[in-house]
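**Q** Coordinates in entry_30.cif, mmCIF, C-alpha atoms, are listed below.
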```
data_run
loop_
_atom_site.label_atom_id
_atom_site.label_comp_id
_atom_site.auth_asym_id
_atom_site.auth_seq_id
_atom_site.Cartn_x
_atom_site.Cartn_y
_atom_site.Cartn_z
CA MET A 565 -7.50 34.16 4.36
CA SER A 566 -7.56 33.58 8.06
CA THR A 567 -7.78 29.82 7.89
CA ASP A 568 -6.40 27.09 5.65
CA LEU A 569 -8.94 25.77 3.18
CA THR A 570 -8.82 23.02 0.67
CA ALA A 571 -11.11 21.98 -2.14
CA GLU A 572 -10.30 18.40 -1.39
CA GLY A 573 -12.89 16.76 0.73
CA GLY A 574 -15.00 16.24 -2.31
CA HIS A 575 -17.98 18.44 -1.70
CA GLY A 576 -15.96 21.57 -1.46
CA ALA A 577 -13.82 24.01 0.39
CA VAL A 578 -13.39 23.18 4.04
CA PRO A 579 -10.96 24.37 6.69
CA THR A 580 -8.10 21.94 7.20
CA GLY A 581 -5.76 23.96 9.39
CA PRO A 582 -4.27 22.74 12.64
CA GLU A 583 -7.19 24.25 14.56
CA VAL A 584 -9.38 21.37 13.35
CA PRO A 585 -9.15 18.52 15.88
CA THR A 586 -8.41 15.00 14.68
CA ALA A 587 -7.79 12.99 17.83
CA PRO A 588 -10.71 10.97 19.21
CA SER A 589 -12.04 12.38 22.46
CA PRO A 590 -14.10 10.64 25.14
CA SER A 591 -17.54 10.76 23.63
CA VAL A 592 -20.89 10.93 25.37
CA SER A 593 -22.66 9.40 22.40
CA ARG A 594 -20.11 6.64 21.75
CA ARG A 595 -21.89 3.40 21.07
CA ASP A 596 -20.45 0.10 22.08
CA TRP A 597 -21.49 -1.51 18.83
CA PRO A 598 -18.64 -3.52 17.36
CA LEU A 599 -17.06 -2.78 14.00
CA TYR A 600 -17.94 -5.28 11.25
CA GLU A 601 -16.04 -5.75 8.01
CA VAL A 602 -18.33 -6.34 5.01
CA PHE A 603 -17.66 -8.66 2.05
CA VAL A 604 -19.90 -8.83 -1.02
CA ARG A 605 -20.12 -11.43 -3.80
CA GLY A 606 -20.76 -9.32 -6.88
CA LYS A 607 -22.36 -12.12 -8.86
CA ARG A 608 -22.41 -15.88 -9.01
CA GLY A 609 -19.00 -17.28 -9.85
CA LEU A 610 -17.02 -14.52 -8.11
CA ASN A 611 -15.38 -14.43 -4.69
CA HIS A 612 -16.67 -12.29 -1.87
CA VAL A 613 -14.67 -9.05 -1.85
CA HIS A 614 -14.12 -6.63 1.01
CA VAL A 615 -16.15 -3.45 0.44
CA GLY A 616 -15.98 -1.53 3.74
CA SER A 617 -17.14 -1.61 7.30
CA LEU A 618 -20.01 -0.61 9.56
CA HIS A 619 -21.11 -0.73 13.20
CA ALA A 620 -24.01 -2.92 14.31
CA PRO A 621 -25.33 -4.30 17.60
CA ASP A 622 -25.24 -7.93 16.40
CA ASP A 623 -24.46 -10.14 13.40
CA GLU A 624 -27.97 -10.19 12.01
CA MET A 625 -28.41 -6.43 12.08
CA ALA A 626 -24.97 -6.08 10.55
CA VAL A 627 -26.15 -8.05 7.51
CA HIS A 628 -29.26 -5.89 7.18
CA ALA A 629 -27.24 -2.70 7.46
CA ALA A 630 -24.70 -4.01 4.94
CA ARG A 631 -27.48 -4.74 2.48
CA ASP A 632 -28.76 -1.14 2.69
CA LEU A 633 -25.33 0.45 2.65
CA TYR A 634 -23.38 -1.59 0.12
CA THR A 635 -25.93 -3.12 -2.29
CA ARG A 636 -28.37 -0.36 -3.28
CA ARG A 637 -27.76 -1.04 -6.99
CA ASN A 638 -27.54 -4.79 -7.40
CA GLU A 639 -23.88 -4.77 -6.43
CA GLY A 640 -24.16 -8.19 -4.87
CA VAL A 641 -25.90 -11.53 -4.52
CA SER A 642 -24.41 -12.50 -1.17
CA ILE A 643 -23.01 -10.69 1.86
CA TRP A 644 -20.61 -11.79 4.56
CA VAL A 645 -20.07 -9.76 7.71
CA VAL A 646 -17.41 -10.51 10.28
CA ARG A 647 -16.42 -8.70 13.43
CA ALA A 648 -13.18 -6.85 12.75
CA ALA A 649 -11.86 -8.01 16.11
CA ASP A 650 -12.20 -11.64 14.98
CA ILE A 651 -9.94 -11.24 11.95
CA THR A 652 -6.35 -12.36 12.27
CA ALA A 653 -4.09 -10.53 9.86
CA SER A 654 -0.46 -10.61 8.87
CA SER A 655 1.14 -7.42 10.15
CA PRO A 656 3.46 -5.13 8.20
CA ASP A 657 6.30 -6.11 10.51
CA GLU A 658 5.92 -9.70 9.37
CA LYS A 659 6.13 -8.69 5.76
CA ASP A 660 9.55 -10.09 4.99
CA PRO A 661 9.40 -13.47 6.73
CA MET A 662 5.78 -13.92 5.62
CA PHE A 663 6.14 -13.21 1.96
CA ALA A 664 9.84 -13.37 1.14
CA PRO A 665 9.95 -17.20 0.71
CA SER A 666 7.69 -17.04 -2.32
CA GLY A 667 9.94 -14.44 -3.93
CA ASP A 668 12.81 -16.84 -4.69
CA LYS A 669 10.63 -19.75 -5.81
CA VAL A 670 10.34 -18.63 -9.39
CA TYR A 671 10.00 -22.27 -10.45
CA ARG A 672 6.43 -22.09 -9.14
CA HIS A 673 5.49 -19.95 -12.13
CA PRO A 674 4.84 -21.38 -15.62
CA THR A 675 7.12 -18.80 -17.25
CA PHE A 676 10.12 -20.40 -15.48
CA TYR A 677 10.14 -23.22 -18.03
CA ASP A 678 11.40 -22.82 -21.60
CA ILE A 679 9.29 -24.74 -24.10
CA PRO A 680 9.99 -24.56 -27.84
CA GLU A 681 7.65 -22.38 -29.87
CA ASN A 682 6.51 -25.26 -32.06
CA VAL A 683 5.05 -27.29 -29.18
CA PRO A 684 1.28 -26.64 -29.27
CA HIS A 685 -1.22 -26.20 -26.42
CA MET A 686 1.41 -25.74 -23.69
CA MET B 1160 -0.89 -12.31 23.09
CA SER B 1161 -3.48 -9.73 22.18
CA ALA B 1162 -5.53 -10.14 19.04
CA PRO B 1163 -4.32 -8.05 16.13
CA THR B 1164 -6.66 -5.20 15.34
CA LEU B 1165 -7.55 -5.02 11.70
CA ASP B 1166 -7.23 -1.71 9.94
CA ARG B 1167 -5.87 0.07 12.95
CA PRO B 1168 -2.78 2.27 12.90
CA ALA B 1169 0.44 0.40 13.50
CA ALA B 1170 2.38 1.55 16.57
CA ALA B 1171 5.38 3.78 16.01
CA SER B 1172 8.63 1.87 15.85
CA PRO B 1173 11.99 3.01 17.17
CA ASP B 1174 13.39 2.59 13.69
CA GLU B 1175 11.37 5.47 12.33
CA THR B 1176 13.86 6.46 9.67
CA ALA B 1177 13.52 3.15 7.85
CA LEU B 1178 9.75 3.30 8.15
CA ARG B 1179 9.68 6.83 6.79
CA GLN B 1180 11.84 5.78 3.85
CA GLN B 1181 9.49 2.90 3.12
CA PHE B 1182 6.50 5.25 3.29
CA GLU B 1183 8.12 7.74 0.94
CA ALA B 1184 9.15 5.00 -1.47
CA THR B 1185 5.54 3.76 -1.58
CA ILE B 1186 4.30 7.29 -2.35
CA ALA B 1187 7.03 7.85 -4.96
CA ALA B 1188 6.10 4.61 -6.73
CA ASP B 1189 2.45 5.80 -6.77
CA HIS B 1190 1.46 2.76 -4.75
CA ARG B 1191 -1.26 3.00 -2.11
CA ILE B 1192 -0.75 3.42 1.61
CA GLU B 1193 -2.87 0.92 3.55
CA PRO B 1194 -4.22 1.25 7.10
CA ARG B 1195 -1.65 -0.84 8.94
CA ASP B 1196 1.33 0.79 7.20
CA TRP B 1197 3.45 3.23 9.14
CA MET B 1198 2.64 6.80 8.13
CA PRO B 1199 3.80 10.23 9.29
CA GLU B 1200 1.53 11.79 11.91
CA GLY B 1201 0.92 14.78 9.64
CA TYR B 1202 -0.28 12.51 6.84
CA ARG B 1203 -2.69 10.76 9.19
CA LYS B 1204 -4.04 14.03 10.62
CA THR B 1205 -4.48 15.63 7.22
CA LEU B 1206 -6.42 12.59 6.03
CA VAL B 1207 -8.62 12.45 9.13
CA ARG B 1208 -9.51 16.14 8.71
CA GLN B 1209 -10.20 15.79 5.02
CA ILE B 1210 -12.14 12.51 5.15
CA ALA B 1211 -14.16 13.55 8.22
CA GLN B 1212 -15.13 16.85 6.67
CA HIS B 1213 -16.01 15.13 3.43
CA ALA B 1214 -18.18 12.67 5.37
CA HIS B 1215 -19.85 15.50 7.30
CA SER B 1216 -20.58 17.28 4.00
CA GLU B 1217 -22.36 14.22 2.64
CA ILE B 1218 -24.45 13.89 5.78
CA ILE B 1219 -25.34 17.58 6.05
CA GLY B 1220 -25.87 17.57 2.28
CA MET B 1221 -28.94 15.39 2.80
CA GLN B 1222 -30.78 18.35 4.32
CA PRO B 1223 -31.17 20.95 1.54
CA GLU B 1224 -32.60 18.41 -0.87
CA GLY B 1225 -34.39 16.43 1.82
CA ASP B 1226 -36.51 19.54 2.33
CA TRP B 1227 -38.13 18.79 -1.05
CA LEU B 1228 -38.91 15.11 -0.53
CA LEU B 1229 -42.55 15.74 0.40
CA ALA B 1230 -42.99 18.58 -2.07
CA ALA B 1231 -41.48 17.02 -5.19
CA PRO B 1232 -44.19 17.20 -7.86
CA SER B 1233 -44.74 13.53 -8.72
CA LEU B 1234 -44.19 10.03 -7.42
CA ARG B 1235 -41.36 9.61 -9.94
CA ARG B 1236 -39.61 12.76 -8.76
CA LYS B 1237 -40.07 11.76 -5.13
CA ALA B 1238 -38.59 8.31 -5.77
CA VAL B 1239 -35.58 9.80 -7.59
CA LEU B 1240 -34.95 12.38 -4.88
CA LEU B 1241 -35.31 9.80 -2.13
CA ALA B 1242 -32.75 7.57 -3.85
CA LYS B 1243 -30.36 10.49 -4.16
CA VAL B 1244 -30.69 11.57 -0.54
CA GLN B 1245 -30.20 7.95 0.52
CA ASP B 1246 -27.01 7.85 -1.57
CA GLU B 1247 -25.69 10.89 0.28
CA ALA B 1248 -26.17 9.02 3.55
CA GLY B 1249 -24.33 6.06 2.03
CA HIS B 1250 -21.46 8.28 0.89
CA GLY B 1251 -21.13 9.65 4.39
CA MET B 1252 -20.97 6.10 5.78
CA TYR B 1253 -18.32 4.96 3.26
CA LEU B 1254 -16.21 7.93 4.31
CA TYR B 1255 -16.65 7.48 8.07
CA SER B 1256 -15.62 3.88 7.45
CA ALA B 1257 -12.42 5.11 5.76
CA ALA B 1258 -11.77 7.61 8.58
CA GLU B 1259 -12.03 4.81 11.13
CA THR B 1260 -9.16 2.95 9.46
CA LEU B 1261 -7.02 5.92 10.55
CA GLY B 1262 -7.99 5.55 14.20
CA ALA B 1263 -10.91 7.98 14.25
CA ASP B 1264 -14.16 7.05 15.99
CA ARG B 1265 -17.39 7.47 14.07
CA ALA B 1266 -19.61 8.65 16.92
CA ASP B 1267 -16.88 10.99 18.07
CA LEU B 1268 -16.65 12.55 14.60
CA THR B 1269 -20.38 13.21 14.67
CA ASP B 1270 -20.00 14.87 18.06
CA LYS B 1271 -17.24 17.08 16.69
CA LEU B 1272 -19.50 18.10 13.80
CA ILE B 1273 -22.35 18.96 16.13
CA GLU B 1274 -20.03 20.90 18.42
CA ARG B 1275 -18.81 22.79 15.31
CA ARG B 1276 -15.22 21.74 15.93
CA GLN B 1277 -15.13 20.12 12.51
CA LYS B 1278 -16.75 21.73 9.47
CA TYR B 1279 -18.63 20.65 6.38
CA SER B 1280 -18.77 22.19 2.93
CA SER B 1281 -20.07 25.76 2.94
CA ILE B 1282 -22.30 25.03 -0.06
CA PHE B 1283 -24.86 23.31 2.18
CA ASN B 1284 -25.43 26.47 4.18
CA TYR B 1285 -27.53 27.89 1.36
CA PRO B 1286 -31.29 27.28 1.30
CA THR B 1287 -33.25 25.41 -1.39
CA LEU B 1288 -35.90 28.05 -2.04
CA THR B 1289 -37.65 26.42 -5.02
CA TYR B 1290 -37.86 22.98 -6.58
CA ALA B 1291 -35.53 24.17 -9.36
CA ASP B 1292 -32.82 24.30 -6.69
CA VAL B 1293 -32.98 20.50 -6.52
CA GLY B 1294 -32.09 20.34 -10.21
CA VAL B 1295 -29.37 22.96 -9.96
CA ILE B 1296 -27.77 21.21 -6.98
CA GLY B 1297 -27.60 18.00 -9.02
CA TRP B 1298 -26.20 19.77 -12.06
CA LEU B 1299 -23.79 22.33 -10.57
CA VAL B 1300 -23.08 21.31 -6.98
CA ASP B 1301 -22.74 17.61 -7.75
CA GLY B 1302 -20.96 18.51 -10.98
CA ALA B 1303 -18.38 20.49 -9.01
CA ALA B 1304 -18.14 17.64 -6.51
CA ILE B 1305 -17.42 15.21 -9.35
CA CYS B 1306 -14.56 17.45 -10.57
CA ASN B 1307 -13.10 17.31 -7.06
CA GLN B 1308 -13.80 13.66 -6.45
CA VAL B 1309 -12.67 11.94 -9.63
CA PRO B 1310 -8.97 12.74 -8.95
CA LEU B 1311 -9.47 11.54 -5.36
CA CYS B 1312 -10.10 8.04 -6.73
CA ARG B 1313 -6.29 8.01 -7.15
CA SER B 1314 -5.58 9.37 -3.66
CA SER B 1315 -2.54 7.76 -2.07
CA TYR B 1316 -4.54 6.41 0.88
CA GLY B 1317 -6.15 3.14 -0.18
CA PRO B 1318 -9.40 3.15 1.85
CA TYR B 1319 -10.13 6.77 0.85
CA ALA B 1320 -9.47 6.09 -2.83
CA ARG B 1321 -11.70 3.00 -2.76
CA ALA B 1322 -14.53 4.92 -1.07
CA MET B 1323 -14.21 7.62 -3.72
CA ILE B 1324 -14.50 5.10 -6.57
CA ARG B 1325 -17.76 3.85 -5.09
CA ILE B 1326 -19.00 7.41 -4.59
CA CYS B 1327 -18.08 8.61 -8.08
CA LYS B 1328 -20.08 5.79 -9.68
CA GLU B 1329 -23.15 7.06 -7.86
CA GLU B 1330 -22.55 10.79 -8.38
CA SER B 1331 -23.07 10.41 -12.10
CA PHE B 1332 -26.72 9.53 -11.45
CA HIS B 1333 -26.98 12.58 -9.20
CA GLN B 1334 -25.78 14.99 -11.84
CA ARG B 1335 -27.82 13.52 -14.66
CA GLN B 1336 -31.09 13.45 -12.70
CA GLY B 1337 -30.57 17.13 -11.85
CA TYR B 1338 -29.88 18.17 -15.41
CA GLU B 1339 -32.84 16.16 -16.71
CA LEU B 1340 -35.08 17.83 -14.12
CA LEU B 1341 -33.94 21.25 -15.34
CA MET B 1342 -34.42 20.31 -19.00
CA THR B 1343 -37.99 19.30 -18.19
CA MET B 1344 -38.67 22.62 -16.46
CA MET B 1345 -37.11 24.57 -19.35
CA ARG B 1346 -39.63 22.91 -21.70
CA GLY B 1347 -42.45 24.11 -19.42
CA THR B 1348 -43.92 27.54 -18.75
CA ASP B 1349 -42.22 30.95 -18.61
CA ALA B 1350 -42.62 30.84 -14.84
CA GLN B 1351 -40.78 27.52 -14.69
CA ARG B 1352 -37.97 28.82 -16.91
CA ALA B 1353 -37.65 31.88 -14.68
CA MET B 1354 -37.46 29.59 -11.67
CA VAL B 1355 -34.56 27.67 -13.22
CA GLN B 1356 -32.71 30.89 -14.11
CA ASP B 1357 -33.19 32.23 -10.58
CA ALA B 1358 -31.77 29.03 -9.10
CA VAL B 1359 -28.77 29.15 -11.45
CA ASP B 1360 -28.17 32.80 -10.47
CA ARG B 1361 -28.06 31.86 -6.79
CA TRP B 1362 -25.96 28.67 -7.02
CA TRP B 1363 -23.37 29.51 -9.68
CA TRP B 1364 -20.93 31.52 -7.58
CA PRO B 1365 -21.15 29.33 -4.47
CA SER B 1366 -20.43 26.36 -6.77
CA LEU B 1367 -17.22 28.04 -7.98
CA MET B 1368 -16.24 28.65 -4.35
CA MET B 1369 -16.51 24.91 -3.68
CA PHE B 1370 -13.03 24.51 -5.17
CA GLY B 1371 -11.51 26.60 -2.43
CA PRO B 1372 -9.37 29.74 -2.55
CA PRO B 1373 -6.76 30.39 -5.26
CA ASP B 1374 -3.72 28.13 -5.09
CA GLU B 1375 -1.43 30.88 -3.79
CA GLU B 1376 -3.69 31.18 -0.74
CA SER B 1377 -3.75 27.46 0.00
CA PRO B 1378 -0.60 26.96 2.06
CA ASN B 1379 -1.24 23.29 2.81
CA SER B 1380 -1.81 22.28 -0.78
CA ALA B 1381 1.84 21.65 -1.59
CA GLN B 1382 2.25 19.14 1.21
CA SER B 1383 -0.99 17.38 0.29
CA MET B 1384 0.17 17.21 -3.33
CA ALA B 1385 3.53 15.78 -2.26
CA TRP B 1386 1.75 13.10 -0.25
CA GLY B 1387 -0.53 12.23 -3.14
CA ILE B 1388 -3.58 13.08 -1.04
CA LYS B 1389 -4.43 15.88 -3.42
CA ARG B 1390 -3.83 15.54 -7.16
CA HIS B 1391 -4.73 18.92 -8.70
CA GLY B 1392 -4.72 22.56 -7.61
CA ASN B 1393 -7.91 24.41 -6.72
CA ASP B 1394 -7.66 26.75 -9.71
CA GLU B 1395 -7.11 23.94 -12.20
CA LEU B 1396 -10.18 22.06 -10.98
CA ARG B 1397 -12.28 25.24 -10.96
CA GLN B 1398 -11.30 25.98 -14.56
CA ARG B 1399 -12.15 22.42 -15.56
CA PHE B 1400 -15.60 22.84 -13.97
CA VAL B 1401 -16.28 26.16 -15.73
CA ASP B 1402 -15.21 24.72 -19.10
CA MET B 1403 -17.58 21.79 -18.61
CA SER B 1404 -20.49 23.89 -17.35
CA VAL B 1405 -20.66 26.64 -19.98
CA PRO B 1406 -21.73 24.40 -22.88
CA GLN B 1407 -24.15 22.60 -20.54
CA ALA B 1408 -25.72 25.97 -19.65
CA GLN B 1409 -26.00 26.84 -23.33
CA ALA B 1410 -27.70 23.53 -24.10
CA LEU B 1411 -30.09 24.14 -21.23
CA GLY B 1412 -30.85 27.70 -22.34
CA VAL B 1413 -29.87 29.49 -19.13
CA THR B 1414 -27.47 32.39 -18.63
CA LEU B 1415 -24.63 32.03 -16.14
CA PRO B 1416 -24.59 35.16 -13.92
CA ASP B 1417 -21.14 36.39 -14.92
CA PRO B 1418 -20.83 39.26 -17.44
CA ASP B 1419 -17.07 38.62 -17.68
CA LEU B 1420 -17.48 35.04 -18.90
CA THR B 1421 -15.68 34.88 -22.27
CA LEU B 1422 -14.05 32.19 -24.34
CA ASP B 1423 -10.29 32.53 -24.59
CA GLU B 1424 -10.03 31.27 -28.16
CA ALA B 1425 -6.29 30.68 -27.99
CA GLY B 1426 -6.31 28.64 -24.78
CA GLY B 1427 -9.75 27.11 -25.32
CA HIS B 1428 -10.79 28.03 -21.77
CA TRP B 1429 -13.70 30.09 -20.48
CA ARG B 1430 -12.43 33.08 -18.49
CA PHE B 1431 -14.64 34.09 -15.59
CA GLY B 1432 -15.03 37.12 -13.34
CA ALA B 1433 -13.62 37.76 -9.87
CA ILE B 1434 -14.95 35.60 -7.05
CA ASP B 1435 -16.09 37.29 -3.84
CA TRP B 1436 -14.00 35.32 -1.36
CA SER B 1437 -15.29 37.33 1.59
CA GLU B 1438 -18.60 35.53 1.10
CA LEU B 1439 -16.98 32.10 1.44
CA GLN B 1440 -15.19 33.24 4.57
CA ARG B 1441 -18.44 34.60 5.97
CA VAL B 1442 -20.39 31.40 5.30
CA ILE B 1443 -17.65 29.09 6.63
CA SER B 1444 -17.33 31.14 9.79
CA GLY B 1445 -21.02 30.52 10.52
CA GLN B 1446 -22.73 33.55 8.96
CA GLY B 1447 -24.35 31.68 6.08
CA PRO B 1448 -28.14 31.60 5.71
CA CYS B 1449 -28.60 28.06 7.13
CA ASN B 1450 -25.58 27.21 9.33
CA ALA B 1451 -27.50 27.11 12.60
CA GLU B 1452 -30.44 25.21 11.11
CA ARG B 1453 -28.20 22.50 9.59
CA ILE B 1454 -26.37 21.79 12.84
CA ALA B 1455 -29.54 21.96 14.92
CA ARG B 1456 -31.17 19.33 12.74
CA ARG B 1457 -28.13 17.06 12.88
CA ARG B 1458 -28.11 17.39 16.66
CA ALA B 1459 -31.82 16.55 16.83
CA ALA B 1460 -31.26 13.50 14.62
CA ARG B 1461 -28.62 12.23 17.04
CA ASP B 1462 -30.46 13.01 20.26
CA ASP B 1463 -34.08 12.32 19.28
CA ASN B 1464 -33.19 8.97 17.72
CA ALA B 1465 -30.95 7.78 20.53
CA TRP B 1466 -33.76 5.51 21.72
CA VAL B 1467 -33.55 3.57 18.44
CA THR B 1468 -29.92 2.65 18.98
CA GLU B 1469 -30.66 1.85 22.62
CA ALA B 1470 -33.53 -0.42 21.58
CA ALA B 1471 -31.33 -2.18 19.02
CA SER B 1472 -28.66 -2.73 21.66
CA ALA B 1473 -31.23 -4.13 24.08
CA TYR B 1474 -32.62 -6.44 21.38
CA ALA B 1475 -29.15 -7.69 20.51
CA ALA B 1476 -28.30 -8.28 24.18
CA LYS B 1477 -31.52 -10.23 24.73
CA HIS B 1478 -30.96 -12.47 21.73
CA ALA B 1479 -27.31 -13.07 22.62
CA SER B 1480 -28.23 -14.55 25.99
#
```
Can you give me the file's structure in the form of structure tokens?
**A**
Amino acid sequence: MSTDLTAEGGHGAVPTGPEVPTAPSPSVSRRDWPLYEVFVRGKRGLNHVHVGSLHAPDDEMAVHAARDLYTRRNEGVSIWVVRAADITASSPDEKDPMFAPSGDKVYRHPTFYDIPENVPHM
Amino acid sequence: MSAPTLDRPAAASPDETALRQQFEATIAADHRIEPRDWMPEGYRKTLVRQIAQHAHSEIIGMQPEGDWLLAAPSLRRKAVLLAKVQDEAGHGMYLYSAAETLGADRADLTDKLIERRQKYSSIFNYPTLTYADVGVIGWLVDGAAICNQVPLCRSSYGPYARAMIRICKEESFHQRQGYELLMTMMRGTDAQRAMVQDAVDRWWWPSLMMFGPPDEESPNSAQSMAWGIKRHGNDELRQRFVDMSVPQAQALGVTLPDPDLTLDEAGGHWRFGAIDWSELQRVISGQGPCNAERIARRRAARDDNAWVTEAASAYAAKHAS
């Protein structure tokens, strides 16, 4: 075969060899619409959960687009959208100082404490 | 201090060895790689190619069935087909969303599709000649897609795996509506049964080709397997699809167009005849029946509807001020 193909890519065999470009190029049709992250509350009583992202010209249209894209089958009762650029995240580089302190505080977990078997409701 | 960019690739660090070890340890533990993790450039590129081409396939895949939206024989069938075609658009969007977490740009990916620098699945370069084709696409083409996609729900790249879980939930509806459509036609007239058989004859072999060439001719597979991007070989998935499809064909009352199809009693697998790989190569290289038409329509959708995005931008700008 003259080109590399793979069945992966879900809907079937596609070329995946190095001749297929992957780097973004300056695009004539590039829109300046910001990227929004979408969060959906599956049902009452649950937290909003991140489900994906989309591009929209403003907040209101982002909600409408999120409704069509992420809740076609009653997947949610409430949607949040937030511009990706407005999210502050911990970075991988911060992983140790950010999360290490909780690692040695085992006394924060109930299993740290030995209670005799015959003590009920504990 | 610049704002951190969510879900954007982390910059390469001078201490690449440690980062590489961390990456490989994550893969070895069968944990997921997330967007801001360091990853080898080859891993990122392989994923962008695969996810982009999967997304393109979903988007182009709207066309063959979309051709029957106005001609579907009842309001019920129109509503079902419309929901399915809308799902394909949604699947494309989930996947472009995943590709963007790797640093790709959605509009740029569409441009690359239209310029034919990135491909989509060859299966969508075949025409839907009769309404039975709609049923056969749901049964066989979506059935083959499910075989490919279910293992991708465990892909090592988190956003891709999560998109696939969402997609797989919806594909089940696609396959069942197709099979039910065919069952209804098989209970109809001789002409309708002949129409179903004709559609099966045309789509069976291209469906088998959807799994790609034999493993020994897929040089990149080993690396994709090692990275956990790919979970099963092409031949294994193809065999799984054939084993699932034969009893479904029997229940439907159609004949699969392969005189060599026989049950290997010992192994419990259905053995099938030789696949004409020159056809796949021909269709992928642009010589399929509908390649030009598919791209032309995608280009028209981008260009003719540009005014809609411009109007939305203008509306947003007006209301922001």
**Q** Would you list the contacts of range 619-625 of chain A as an NGL selection string, taking every protein, DNA or RNA residue within 12 Å and counting only C-alpha atoms, but skipping same-chain residues closer than 5 positions in sequence?
**A** (:A and (594-602 or 630-633 or 643-648)) or (:B and (1252-1253 or 1255-1256 or 1259 or 1264-1266 or 1467-1479))
**Q** Could you tell me which residues of chain B sit within 8 Å of chain A when counting all atoms listed in the file, and give me the result as a PyMOL selection string?
**A** chain B and resi 1162-1165+1195-1196+1204-1205+1207-1210+1212-1213+1216-1217+1249+1252-1253+1256-1257+1262-1264+1266-1268+1270+1276-1282+1300-1301+1303-1305+1307-1308+1311+1368-1372+1376-1380+1389+1393+1440+1443+1471-1472+1475
**Q** Between B:Pro1194, B:Gly1294, B:Pro1223, B:Pro1199, which residue has the minimum interatomic distance to Gln1181 in chain B, considering all atoms listed in the file?
**A**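 Result for the nearest residue to Gln1181 in chain B: B:Pro1199.
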**Q** Could you give me the centre and size, in Å to one decimal, of an axis-aligned box around all listed atoms of range 1246-1261 of chain B with 8 Å added on every side, as JSON?
**A**
```
{"center_x": -17.0, "center_y": 6.9, "center_z": 4.8, "size_x": 36.0, "size_y": 23.9, "size_z": 28.7}
```
**Q** Using the chain letters and residue numbers of this document, give as a list of chain:residue names the residues selected by the PyMOL selection byres ((chain B and resi 1244) around 9).
**A**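 Evaluating the PyMOL selection byres ((chain B and resi 1244) around 9) on this file yields B:Gly1220, B:Met1221, B:Gln1222, B:Glu1224, B:Gly1225, B:Leu1228, B:Val1239, B:Leu1240, B:Leu1241, B:Ala1242, B:Lys1243, B:Gln1245, B:Asp1246, B:Glu1247, B:Ala1248, B:Gly1249.
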**Q** Could you tell me, as number ranges by chain, exactly which residues end up selected when the PyMOL selection byres ((chain B and resi 1323-1334) around 7) is applied to this structure?
**A** B: 1243, 1250, 1297-1298, 1301-1302, 1305, 1308-1309, 1311-1312, 1319-1322, 1335-1338
**Q** Of the candidates B:Val1405, B:Trp1363, B:Ala1385, B:Cys1449, which one gets nearest to Ile1186 in chain B if we count all atoms listed in the file?
**A**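 Of B:Val1405, B:Trp1363, B:Ala1385, B:Cys1449, the one nearest Ile1186 in chain B is B:Ala1385, counting all atoms listed in the file.
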**Q** Please, what distance in Å, to one decimal, runs between CA of Asp1374 in chain B and CA of Asp1435 in chain B?
**A** 15.4 Å
**Q** If I take CA of Ala1451 in chain B and CA of Glu1438 in chain B, how far is one from the other in Å, to one decimal?
**A** 16.8 Å
**Q** For the atom pair CA of Asp1423 in chain B and CA of Trp1362 in chain B, what is the interatomic distance in Å to one decimal place?
**A**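 About the pair CA of Asp1423 in chain B and CA of Trp1362 in chain B: they are 23.9 Å apart.
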**Q** Just the residues within 12 Å of Gly609 in chain A, please, counting all atoms listed in the file, with nothing from its chain fewer than 2 positions along; format it as a ChimeraX atom specification.
**A** /A:605-607,611-612,640-642
**Q** Name every residue that the PyMOL selection byres ((chain A and resi 613) around 6) selects in this structure, writing the answer as a list in words with chains first and numbers rising.
**A** Phe603, Val604, His612 and His614 of chain A
**Q** May I have the residues within 12 Å of Ala1291 in chain B as JSON, numbers by chain, using all atoms listed in the file and disregarding those fewer than 4 positions away in the same chain?
**A** {"B": [1224, 1227, 1230, 1231, 1232, 1286, 1287, 1295, 1296, 1297, 1298, 1299, 1337, 1338, 1339, 1340, 1341, 1342, 1343, 1344, 1345, 1350, 1351, 1352, 1353, 1354, 1355, 1356, 1357, 1358, 1359, 1360, 1361, 1362]}
**Q** Go ahead and save the residues from that selection, with C-alpha atoms, as a short mmCIF file (atom, residue, chain, number, x, y, z; two decimals), in the frame of the given file.
**A**
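Below is the file result-v3.cif, written as the result:
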```
data_model
loop_
_atom_site.label_atom_id
_atom_site.label_comp_id
_atom_site.auth_asym_id
_atom_site.auth_seq_id
_atom_site.Cartn_x
_atom_site.Cartn_y
_atom_site.Cartn_z
CA GLU B 1224 -32.60 18.41 -0.87
CA TRP B 1227 -38.13 18.79 -1.05
CA ALA B 1230 -42.99 18.58 -2.07
CA ALA B 1231 -41.48 17.02 -5.19
CA PRO B 1232 -44.19 17.20 -7.86
CA PRO B 1286 -31.29 27.28 1.30
CA THR B 1287 -33.25 25.41 -1.39
CA VAL B 1295 -29.37 22.96 -9.96
CA ILE B 1296 -27.77 21.21 -6.98
CA GLY B 1297 -27.60 18.00 -9.02
CA TRP B 1298 -26.20 19.77 -12.06
CA LEU B 1299 -23.79 22.33 -10.57
CA GLY B 1337 -30.57 17.13 -11.85
CA TYR B 1338 -29.88 18.17 -15.41
CA GLU B 1339 -32.84 16.16 -16.71
CA LEU B 1340 -35.08 17.83 -14.12
CA LEU B 1341 -33.94 21.25 -15.34
CA MET B 1342 -34.42 20.31 -19.00
CA THR B 1343 -37.99 19.30 -18.19
CA MET B 1344 -38.67 22.62 -16.46
CA MET B 1345 -37.11 24.57 -19.35
CA ALA B 1350 -42.62 30.84 -14.84
CA GLN B 1351 -40.78 27.52 -14.69
CA ARG B 1352 -37.97 28.82 -16.91
CA ALA B 1353 -37.65 31.88 -14.68
CA MET B 1354 -37.46 29.59 -11.67
CA VAL B 1355 -34.56 27.67 -13.22
CA GLN B 1356 -32.71 30.89 -14.11
CA ASP B 1357 -33.19 32.23 -10.58
CA ALA B 1358 -31.77 29.03 -9.10
CA VAL B 1359 -28.77 29.15 -11.45
CA ASP B 1360 -28.17 32.80 -10.47
CA ARG B 1361 -28.06 31.86 -6.79
CA TRP B 1362 -25.96 28.67 -7.02
#
```
